[in-house]
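To keep things clear, I will list the structure first and then write my remarks on it.
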Amino acid sequence: MQVYLDNAATTKMDKAVADIMQTYFLDKFANPSSIHRQGEEVYNDVEKAKARVAKTLNANPKNLIFTGSASEANNFIIKGIARANKDKGKHIIVSEIEHPCVLGPAKELTKEGFKISYAPVDKKGRIKISELKKMISDDTLLVSIMTANNEIGTIQDIKKIAKLVKKSGAYFHTDAVQAVPYLEIDIKDLGVDFLTLSAHKFHGPKGVGMAYIDRSIKINPLISGGEQNDGLRAGTLDVAGIIGFSKALELAYRNRDKKIAKIKELRDYFLNEIRKNIKDVYLNGHEKFRLENNLNLRFNGVEGEAILMDLSNQGICVSTGSACSAKNLRTSYVLQALKIDSKYLNSNVRFSLSKNTTKAELDYIVKRLIETVKRLRSFSPIK
Amino acid sequence: MALNYTKKTLNHFLKPKNIGEIKNADAYAEIGNMVCGDQLNFTIKVEKGKIKDVKFLSFGCASNIATASIMTEKVKGMSLEDAKNYDWNKIVSDLGGLPQQKVHCSIMAVEGLKKVINSYEDKNGAKKELKKDVKKKITKKKTK
């Protein structure tokens, strides 16, 4: 049996998305920047797709810029805002559990004279809002806090944080890549200035990100040399990608409540079965403010990469934040931020479900997992 | 990043040899990696200056388990002297290669083996001899 339980890494594309994209590879292939009939037709299709995305997100379509990835979108926003508004402030705040594609550009900006502060989280991954408040100064230009964490699934109160940040006069960005469809994204209601999404996290294509930017705020392009997106992101539009993004988002929010309820029910069942059958298992992250598809568990006495490899050998795909799984041999900084005892830091496994996950798959994993943990614990020196 | 473990590595991980602890072992040693947090515990039984038996426990990744498994298999029956100088490169080649970031696992395995042999020698009065040996090596290097 093949079971894919790594949906926080990426998801399987919906057939309907692949189908509609194919049209734009094979038939409607013209460049939307061309002014001939075929180009015009494609251009109009892109505009329609954008309008549909904007409607779902309650945003002005003019404020949506499609990029080659969420990493690009985050780089664009963070570097673009910083470089265009140096006169306004040179202090940036990011949370300590941001994705590397937020931390990376922020760190890069220190070479350009920016000061970066890292907003701490509590033991369950929630931003310590009072600490964040203390960090904000007159010099703070931008605050970036992710909507939901990719490793532990902890959800932040973005509306509250955005309000706090905006009140201080700073701009606010949220990386909402993990949030679709688990949270409603109403940009006006959230009150954010900038927001990032990624199509492949909700059964859309890889290689398509989206930056929502408040166009009344100055921003520098990351990629220049073309008139596309009013010069804010040069490059021929990824027509199939944008159409695919739009379709995937539409499908993601269709029957959303029912879908999420099913995923949550399965996830809770899965956790319950694991706890019933395996001793010394602990949940990383928050019980309540948590994405419905995320389960990050600690199996005391065994190493995460070993669990992953053992399961992988049995057709099961999961993820781990253990040091052994990382190229740089460093334990996940997200788990470190939770102040977990260092002897438990490498014993975690992330299971992330999707709408495609079935009970039969989870039953299979539980069975394999019991054996795997039992085997590895049988020769572990840590009891 | 794909690790692309070899079939041999996976086999040693899934069906490791020499796991456990020797009862009434002649020596015991524990080794840990400060960076990645992995741990190996070794026990040995020595007879006539040779490793009669060696077993290990592991808290570690697939490669940690596989490297200890294949090494213990190879050093059984070997003289303590040869086992102490067991080359980690040999583990890597015996496994058909290891991903770059996993090579340190093989180094940890040989370090653990050295530690358990040293512990045996310390206990059995071979300490002086050992020191002499090290000195000899150093002077050898210097003269080269």
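Residue names in the structure tokens use chain letters A, B, ... in the order shown, residue numbers from 1 in each chain, and ligand numbers from 1 in the order shown.
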
task = Do a neighbour search on region 19-33 of chain B at 10 Å with only C-alpha atoms, toss out local chain neighbours closer than 6 positions, and write the hits as a count of residues only.
result = 43

Chain A near chain B within 9 Å: what's each residue's closest atom pair and its distance in Å to one decimal, counting only C-alpha atoms, ordered by chain then ascending residue number, as JSON lines?
{"residue": "A:Gly301", "atom": "CA", "partner": "B:Phe59", "partner_atom": "CA", "distance": 6.9}
{"residue": "A:Val302", "atom": "CA", "partner": "B:Phe59", "partner_atom": "CA", "distance": 5.9}
{"residue": "A:Glu303", "atom": "CA", "partner": "B:Gly60", "partner_atom": "CA", "distance": 5.3}
{"residue": "A:Gly304", "atom": "CA", "partner": "B:Cys61", "partner_atom": "CA", "distance": 7.3}
{"residue": "A:Glu305", "atom": "CA", "partner": "B:Cys61", "partner_atom": "CA", "distance": 5.2}
{"residue": "A:Ala306", "atom": "CA", "partner": "B:Cys61", "partner_atom": "CA", "distance": 4.5}
{"residue": "A:Ile307", "atom": "CA", "partner": "B:Cys61", "partner_atom": "CA", "distance": 8.2}
{"residue": "A:Met309", "atom": "CA", "partner": "B:Ala62", "partner_atom": "CA", "distance": 6.7}
{"residue": "A:Asp310", "atom": "CA", "partner": "B:Leu14", "partner_atom": "CA", "distance": 7.0}
{"residue": "A:Asn313", "atom": "CA", "partner": "B:Leu10", "partner_atom": "CA", "distance": 8.6}
{"residue": "A:Ser322", "atom": "CA", "partner": "B:Cys36", "partner_atom": "CA", "distance": 8.2}
{"residue": "A:Ala323", "atom": "CA", "partner": "B:Cys36", "partner_atom": "CA", "distance": 5.2}
{"residue": "A:Cys324", "atom": "CA", "partner": "B:Cys36", "partner_atom": "CA", "distance": 6.1}
{"residue": "A:Ser325", "atom": "CA", "partner": "B:Cys61", "partner_atom": "CA", "distance": 8.2}
{"residue": "A:Ala326", "atom": "CA", "partner": "B:Met1", "partner_atom": "CA", "distance": 8.0}
{"residue": "A:Lys327", "atom": "CA", "partner": "B:Gln101", "partner_atom": "CA", "distance": 6.1}
{"residue": "A:Asn328", "atom": "CA", "partner": "B:Gln101", "partner_atom": "CA", "distance": 7.4}
{"residue": "A:Leu329", "atom": "CA", "partner": "B:Cys36", "partner_atom": "CA", "distance": 5.7}
{"residue": "A:Arg330", "atom": "CA", "partner": "B:Cys36", "partner_atom": "CA", "distance": 6.6}
{"residue": "A:Thr331", "atom": "CA", "partner": "B:Cys36", "partner_atom": "CA", "distance": 7.3}
{"residue": "A:Ser342", "atom": "CA", "partner": "B:Gly37", "partner_atom": "CA", "distance": 8.5}
{"residue": "A:Lys343", "atom": "CA", "partner": "B:Gly37", "partner_atom": "CA", "distance": 7.6}
{"residue": "A:Leu345", "atom": "CA", "partner": "B:Gly37", "partner_atom": "CA", "distance": 8.6}
{"residue": "A:Asn346", "atom": "CA", "partner": "B:Gly37", "partner_atom": "CA", "distance": 7.2}
{"residue": "A:Leu376", "atom": "CA", "partner": "B:Phe59", "partner_atom": "CA", "distance": 8.2}
{"residue": "A:Arg377", "atom": "CA", "partner": "B:Phe59", "partner_atom": "CA", "distance": 8.4}
{"residue": "A:Ser378", "atom": "CA", "partner": "B:Gly20", "partner_atom": "CA", "distance": 8.3}
{"residue": "A:Phe379", "atom": "CA", "partner": "B:Leu57", "partner_atom": "CA", "distance": 5.0}
{"residue": "A:Ser380", "atom": "CA", "partner": "B:Ser58", "partner_atom": "CA", "distance": 5.0}
{"residue": "A:Pro381", "atom": "CA", "partner": "B:Leu57", "partner_atom": "CA", "distance": 5.5}
{"residue": "A:Ile382", "atom": "CA", "partner": "B:Phe59", "partner_atom": "CA", "distance": 6.9}

request  = Find the residues around Ser354 (chain A) up to 12 Å (only C-alpha atoms counted), leave out those fewer than 4 positions away in its own chain, and share them as a PyMOL selection string.
outcome  = chain A and resi 3-14+178+180-182+201-203+252+259-267+291-295+358-359+361-362

Please extract the residues of region 185-259 of chain A with a backbone DSSP assignment of alpha helix (DSSP H) and present them as a PDB file with N, CA and C atoms, in the first residue's frame.
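Result written to selection-v7.pdb:
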ATOM      1  N   ILE A 187      -8.888  39.038   3.073  1.00  0.00           N
ATOM      2  CA  ILE A 187      -7.791  39.986   3.249  1.00  0.00           C
ATOM      3  C   ILE A 187      -8.257  41.300   3.878  1.00  0.00           C
ATOM      4  N   LYS A 188      -9.411  41.764   3.461  1.00  0.00           N
ATOM      5  CA  LYS A 188      -9.914  43.029   4.043  1.00  0.00           C
ATOM      6  C   LYS A 188     -10.193  42.849   5.528  1.00  0.00           C
ATOM      7  N   ASP A 189     -10.805  41.726   5.851  1.00  0.00           N
ATOM      8  CA  ASP A 189     -11.155  41.482   7.247  1.00  0.00           C
ATOM      9  C   ASP A 189      -9.900  41.262   8.105  1.00  0.00           C
ATOM     10  N   LEU A 190      -8.924  40.552   7.548  1.00  0.00           N
ATOM     11  CA  LEU A 190      -7.684  40.306   8.299  1.00  0.00           C
ATOM     12  C   LEU A 190      -6.914  41.597   8.541  1.00  0.00           C
ATOM     13  N   VAL A 239       0.822  31.483 -17.662  1.00  0.00           N
ATOM     14  CA  VAL A 239      -0.626  31.428 -17.891  1.00  0.00           C
ATOM     15  C   VAL A 239      -1.243  30.161 -17.289  1.00  0.00           C
ATOM     16  N   ALA A 240      -0.710  29.015 -17.666  1.00  0.00           N
ATOM     17  CA  ALA A 240      -1.271  27.756 -17.162  1.00  0.00           C
ATOM     18  C   ALA A 240      -1.200  27.725 -15.633  1.00  0.00           C
ATOM     19  N   GLY A 241      -0.108  28.226 -15.096  1.00  0.00           N
ATOM     20  CA  GLY A 241       0.071  28.244 -13.645  1.00  0.00           C
ATOM     21  C   GLY A 241      -0.953  29.111 -12.939  1.00  0.00           C
ATOM     22  N   ILE A 242      -1.203  30.282 -13.491  1.00  0.00           N
ATOM     23  CA  ILE A 242      -2.165  31.197 -12.867  1.00  0.00           C
ATOM     24  C   ILE A 242      -3.577  30.623 -12.961  1.00  0.00           C
ATOM     25  N   ILE A 243      -3.903  30.083 -14.140  1.00  0.00           N
ATOM     26  CA  ILE A 243      -5.217  29.456 -14.319  1.00  0.00           C
ATOM     27  C   ILE A 243      -5.346  28.274 -13.346  1.00  0.00           C
ATOM     28  N   GLY A 244      -4.262  27.493 -13.224  1.00  0.00           N
ATOM     29  CA  GLY A 244      -4.255  26.342 -12.315  1.00  0.00           C
ATOM     30  C   GLY A 244      -4.414  26.774 -10.866  1.00  0.00           C
ATOM     31  N   PHE A 245      -3.732  27.841 -10.494  1.00  0.00           N
ATOM     32  CA  PHE A 245      -3.835  28.396  -9.137  1.00  0.00           C
ATOM     33  C   PHE A 245      -5.292  28.749  -8.838  1.00  0.00           C
ATOM     34  N   SER A 246      -5.881  29.473  -9.791  1.00  0.00           N
ATOM     35  CA  SER A 246      -7.255  29.944  -9.611  1.00  0.00           C
ATOM     36  C   SER A 246      -8.230  28.779  -9.455  1.00  0.00           C
ATOM     37  N   LYS A 247      -8.054  27.788 -10.316  1.00  0.00           N
ATOM     38  CA  LYS A 247      -8.944  26.625 -10.268  1.00  0.00           C
ATOM     39  C   LYS A 247      -8.762  25.857  -8.944  1.00  0.00           C
ATOM     40  N   ALA A 248      -7.505  25.673  -8.550  1.00  0.00           N
ATOM     41  CA  ALA A 248      -7.234  24.927  -7.319  1.00  0.00           C
ATOM     42  C   ALA A 248      -7.807  25.644  -6.100  1.00  0.00           C
ATOM     43  N   LEU A 249      -7.704  26.958  -6.095  1.00  0.00           N
ATOM     44  CA  LEU A 249      -8.229  27.732  -4.958  1.00  0.00           C
ATOM     45  C   LEU A 249      -9.757  27.619  -4.900  1.00  0.00           C
ATOM     46  N   GLU A 250     -10.353  27.712  -6.086  1.00  0.00           N
ATOM     47  CA  GLU A 250     -11.815  27.590  -6.168  1.00  0.00           C
ATOM     48  C   GLU A 250     -12.253  26.232  -5.605  1.00  0.00           C
ATOM     49  N   LEU A 251     -11.566  25.174  -6.035  1.00  0.00           N
ATOM     50  CA  LEU A 251     -11.928  23.828  -5.569  1.00  0.00           C
ATOM     51  C   LEU A 251     -11.631  23.651  -4.079  1.00  0.00           C
ATOM     52  N   ALA A 252     -10.553  24.271  -3.620  1.00  0.00           N
ATOM     53  CA  ALA A 252     -10.164  24.122  -2.214  1.00  0.00           C
ATOM     54  C   ALA A 252     -11.259  24.632  -1.283  1.00  0.00           C
ATOM     55  N   ARG A 256     -15.972  23.449   1.743  1.00  0.00           N
ATOM     56  CA  ARG A 256     -14.855  23.543   2.675  1.00  0.00           C
ATOM     57  C   ARG A 256     -15.171  22.960   4.056  1.00  0.00           C
ATOM     58  N   ASP A 257     -16.281  23.383   4.633  1.00  0.00           N
ATOM     59  CA  ASP A 257     -16.604  22.964   6.010  1.00  0.00           C
ATOM     60  C   ASP A 257     -16.666  21.447   6.128  1.00  0.00           C
ATOM     61  N   LYS A 258     -17.318  20.845   5.150  1.00  0.00           N
ATOM     62  CA  LYS A 258     -17.486  19.398   5.163  1.00  0.00           C
ATOM     63  C   LYS A 258     -16.134  18.700   5.033  1.00  0.00           C
ATOM     64  N   LYS A 259     -15.332  19.214   4.115  1.00  0.00           N
ATOM     65  CA  LYS A 259     -14.014  18.634   3.870  1.00  0.00           C
ATOM     66  C   LYS A 259     -13.135  18.712   5.122  1.00  0.00           C
TER      67      LYS A 259
END

key: Selection near region 65-79 of chain A, 6 Å with only C-alpha atoms, sequence-local residues under 4 positions removed, as a ChimeraX atom specification   = /A:83,101-102,105,198,207-211,222

inquiry  = Quick one: residues within 8 Å of region 6-8 of chain B, only C-alpha atoms, excluding same-chain residues fewer than 2 positions away - as number ranges by chain?
reply    = B: 4, 10-12, 95-98

If we count only C-alpha atoms and set the cut-off at 12 Å, which residues sit around Lys48 (chain A), ignoring sequence neighbours fewer than 2 positions away in its own chain? Please answer as an mmCIF file with N, CA and C atoms, in the first residue's frame.
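After the write, part.cif holds the following:
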data_model
loop_
_atom_site.group_PDB
_atom_site.id
_atom_site.type_symbol
_atom_site.label_atom_id
_atom_site.label_comp_id
_atom_site.auth_asym_id
_atom_site.auth_seq_id
_atom_site.Cartn_x
_atom_site.Cartn_y
_atom_site.Cartn_z
ATOM 1 N N GLU A 41 -7.096 36.914 -26.077
ATOM 2 C CA GLU A 41 -7.975 35.906 -25.486
ATOM 3 C C GLU A 41 -7.347 35.324 -24.204
ATOM 4 N N VAL A 42 -6.064 35.003 -24.315
ATOM 5 C CA VAL A 42 -5.355 34.444 -23.160
ATOM 6 C C VAL A 42 -5.285 35.480 -22.040
ATOM 7 N N TYR A 43 -4.990 36.720 -22.426
ATOM 8 C CA TYR A 43 -4.914 37.800 -21.441
ATOM 9 C C TYR A 43 -6.233 37.896 -20.668
ATOM 10 N N ASN A 44 -7.314 37.846 -21.402
ATOM 11 C CA ASN A 44 -8.622 37.962 -20.749
ATOM 12 C C ASN A 44 -8.908 36.777 -19.826
ATOM 13 N N ASP A 45 -8.457 35.608 -20.232
ATOM 14 C CA ASP A 45 -8.639 34.428 -19.378
ATOM 15 C C ASP A 45 -7.856 34.597 -18.066
ATOM 16 N N VAL A 46 -6.635 35.119 -18.182
ATOM 17 C CA VAL A 46 -5.817 35.347 -16.990
ATOM 18 C C VAL A 46 -6.509 36.365 -16.077
ATOM 19 N N LYS A 50 -7.733 35.738 -12.282
ATOM 20 C CA LYS A 50 -7.283 36.630 -11.208
ATOM 21 C C LYS A 50 -8.479 37.188 -10.439
ATOM 22 N N ALA A 51 -9.497 37.560 -11.182
ATOM 23 C CA ALA A 51 -10.700 38.136 -10.550
ATOM 24 C C ALA A 51 -11.348 37.101 -9.639
ATOM 25 N N ARG A 52 -11.318 35.831 -10.062
ATOM 26 C CA ARG A 52 -11.915 34.785 -9.227
ATOM 27 C C ARG A 52 -11.108 34.606 -7.938
ATOM 28 N N VAL A 53 -9.788 34.637 -8.066
ATOM 29 C CA VAL A 53 -8.928 34.524 -6.879
ATOM 30 C C VAL A 53 -9.205 35.703 -5.948
ATOM 31 N N ALA A 54 -9.265 36.888 -6.538
ATOM 32 C CA ALA A 54 -9.488 38.106 -5.745
ATOM 33 C C ALA A 54 -10.804 38.031 -4.986
ATOM 34 N N LYS A 55 -11.809 37.481 -5.641
ATOM 35 C CA LYS A 55 -13.127 37.384 -5.002
ATOM 36 C C LYS A 55 -13.052 36.447 -3.797
ATOM 37 N N PRO A 61 -8.242 42.683 -7.370
ATOM 38 C CA PRO A 61 -7.414 41.873 -8.274
ATOM 39 C C PRO A 61 -6.125 42.581 -8.704
ATOM 40 N N LYS A 62 -6.137 43.871 -8.721
ATOM 41 C CA LYS A 62 -4.930 44.619 -9.102
ATOM 42 C C LYS A 62 -3.791 44.386 -8.104
ATOM 43 N N VAL A 239 0.822 31.483 -17.662
ATOM 44 C CA VAL A 239 -0.626 31.428 -17.891
ATOM 45 C C VAL A 239 -1.243 30.161 -17.289
ATOM 46 N N ILE A 242 -1.203 30.282 -13.491
ATOM 47 C CA ILE A 242 -2.165 31.197 -12.867
ATOM 48 C C ILE A 242 -3.577 30.623 -12.961
ATOM 49 N N ILE A 243 -3.903 30.083 -14.140
ATOM 50 C CA ILE A 243 -5.217 29.456 -14.319
ATOM 51 C C ILE A 243 -5.346 28.274 -13.346
ATOM 52 N N SER A 246 -5.881 29.473 -9.791
ATOM 53 C CA SER A 246 -7.255 29.944 -9.611
ATOM 54 C C SER A 246 -8.230 28.779 -9.455
ATOM 55 N N LYS A 247 -8.054 27.788 -10.316
ATOM 56 C CA LYS A 247 -8.944 26.625 -10.268
ATOM 57 C C LYS A 247 -8.762 25.857 -8.944
#

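Among the candidates A:Gly39, A:Gly285, A:Pro120, A:Gly204, the residue lying nearest to Ile145 (chain A) is A:Pro120 (atoms considered: only C-alpha atoms).
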
message = Residues near region 149-156 of chain A, anyone? I mean within 8 Å using only C-alpha atoms, not counting same-chain ones fewer than 3 positions away, as number ranges by chain.
response = A: 8, 97-99, 124-127, 146, 178, 284-286, 289-291, 294-296, 321, 334, 350

Output of the above residues as a CSV table (one decimal), in the first residue's frame, restricted to N, CA and C atoms:
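Now in result-v6.csv:
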chain,number,residue,atom,x,y,z
A,8,ALA,N,1.8,18.7,3.9
A,8,ALA,CA,2.3,20.0,4.2
A,8,ALA,C,3.5,20.4,3.4
A,97,ILE,N,9.7,31.4,14.1
A,97,ILE,CA,9.3,30.1,13.5
A,97,ILE,C,8.9,30.3,12.0
A,98,GLU,N,9.3,31.4,11.4
A,98,GLU,CA,8.9,31.7,10.0
A,98,GLU,C,9.6,30.6,9.1
A,99,HIS,N,9.1,30.5,8.0
A,99,HIS,CA,9.7,29.6,7.0
A,99,HIS,C,11.0,30.2,6.5
A,124,LYS,N,3.7,26.3,22.7
A,124,LYS,CA,2.9,25.6,21.7
A,124,LYS,C,2.9,26.3,20.4
A,125,GLY,N,3.8,27.3,20.3
A,125,GLY,CA,4.1,27.9,19.0
A,125,GLY,C,3.3,29.1,18.7
A,126,ARG,N,2.6,29.6,19.7
A,126,ARG,CA,1.8,30.9,19.5
A,126,ARG,C,2.7,32.1,19.8
A,127,ILE,N,2.5,33.1,19.0
A,127,ILE,CA,3.3,34.4,19.2
A,127,ILE,C,3.0,35.0,20.5
A,146,MET,N,3.8,34.4,10.2
A,146,MET,CA,3.1,33.4,9.4
A,146,MET,C,1.7,33.1,10.0
A,178,GLN,N,0.3,27.7,4.4
A,178,GLN,CA,-0.3,26.5,4.9
A,178,GLN,C,-1.8,26.6,5.2
A,284,ASN,N,3.5,17.8,19.5
A,284,ASN,CA,4.2,19.1,19.4
A,284,ASN,C,3.2,20.1,18.8
A,285,GLY,N,3.2,21.3,19.4
A,285,GLY,CA,2.3,22.3,18.9
A,285,GLY,C,1.0,22.5,19.8
A,286,HIS,N,0.0,23.1,19.2
A,286,HIS,CA,-1.2,23.5,20.0
A,286,HIS,C,-2.3,22.5,19.7
A,289,PHE,N,-5.4,25.6,18.6
A,289,PHE,CA,-5.1,26.5,17.4
A,289,PHE,C,-4.1,25.8,16.5
A,290,ARG,N,-4.7,24.8,15.8
A,290,ARG,CA,-3.9,23.9,15.0
A,290,ARG,C,-4.6,23.6,13.6
A,291,LEU,N,-3.8,23.6,12.6
A,291,LEU,CA,-4.4,23.2,11.3
A,291,LEU,C,-5.0,21.8,11.4
A,294,ASN,N,-2.7,18.7,10.4
A,294,ASN,CA,-1.4,18.5,10.9
A,294,ASN,C,-1.3,17.7,12.2
A,295,LEU,N,-0.3,16.8,12.2
A,295,LEU,CA,-0.1,16.1,13.5
A,295,LEU,C,1.5,16.0,13.5
A,296,ASN,N,2.0,16.6,14.6
A,296,ASN,CA,3.5,16.5,14.8
A,296,ASN,C,3.7,15.8,16.1
A,321,GLY,N,11.5,16.7,11.5
A,321,GLY,CA,12.4,17.8,11.8
A,321,GLY,C,13.7,17.4,12.5
A,334,VAL,N,12.2,25.3,14.5
A,334,VAL,CA,10.8,25.5,15.0
A,334,VAL,C,10.6,24.8,16.3
A,350,ARG,N,6.2,14.3,11.5
A,350,ARG,CA,5.1,15.1,11.1
A,350,ARG,C,4.2,14.3,10.1

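Taking CA of Lys166 (chain A) and CA of Leu142 (chain A) as endpoints, the distance between them is 9.6 Å.
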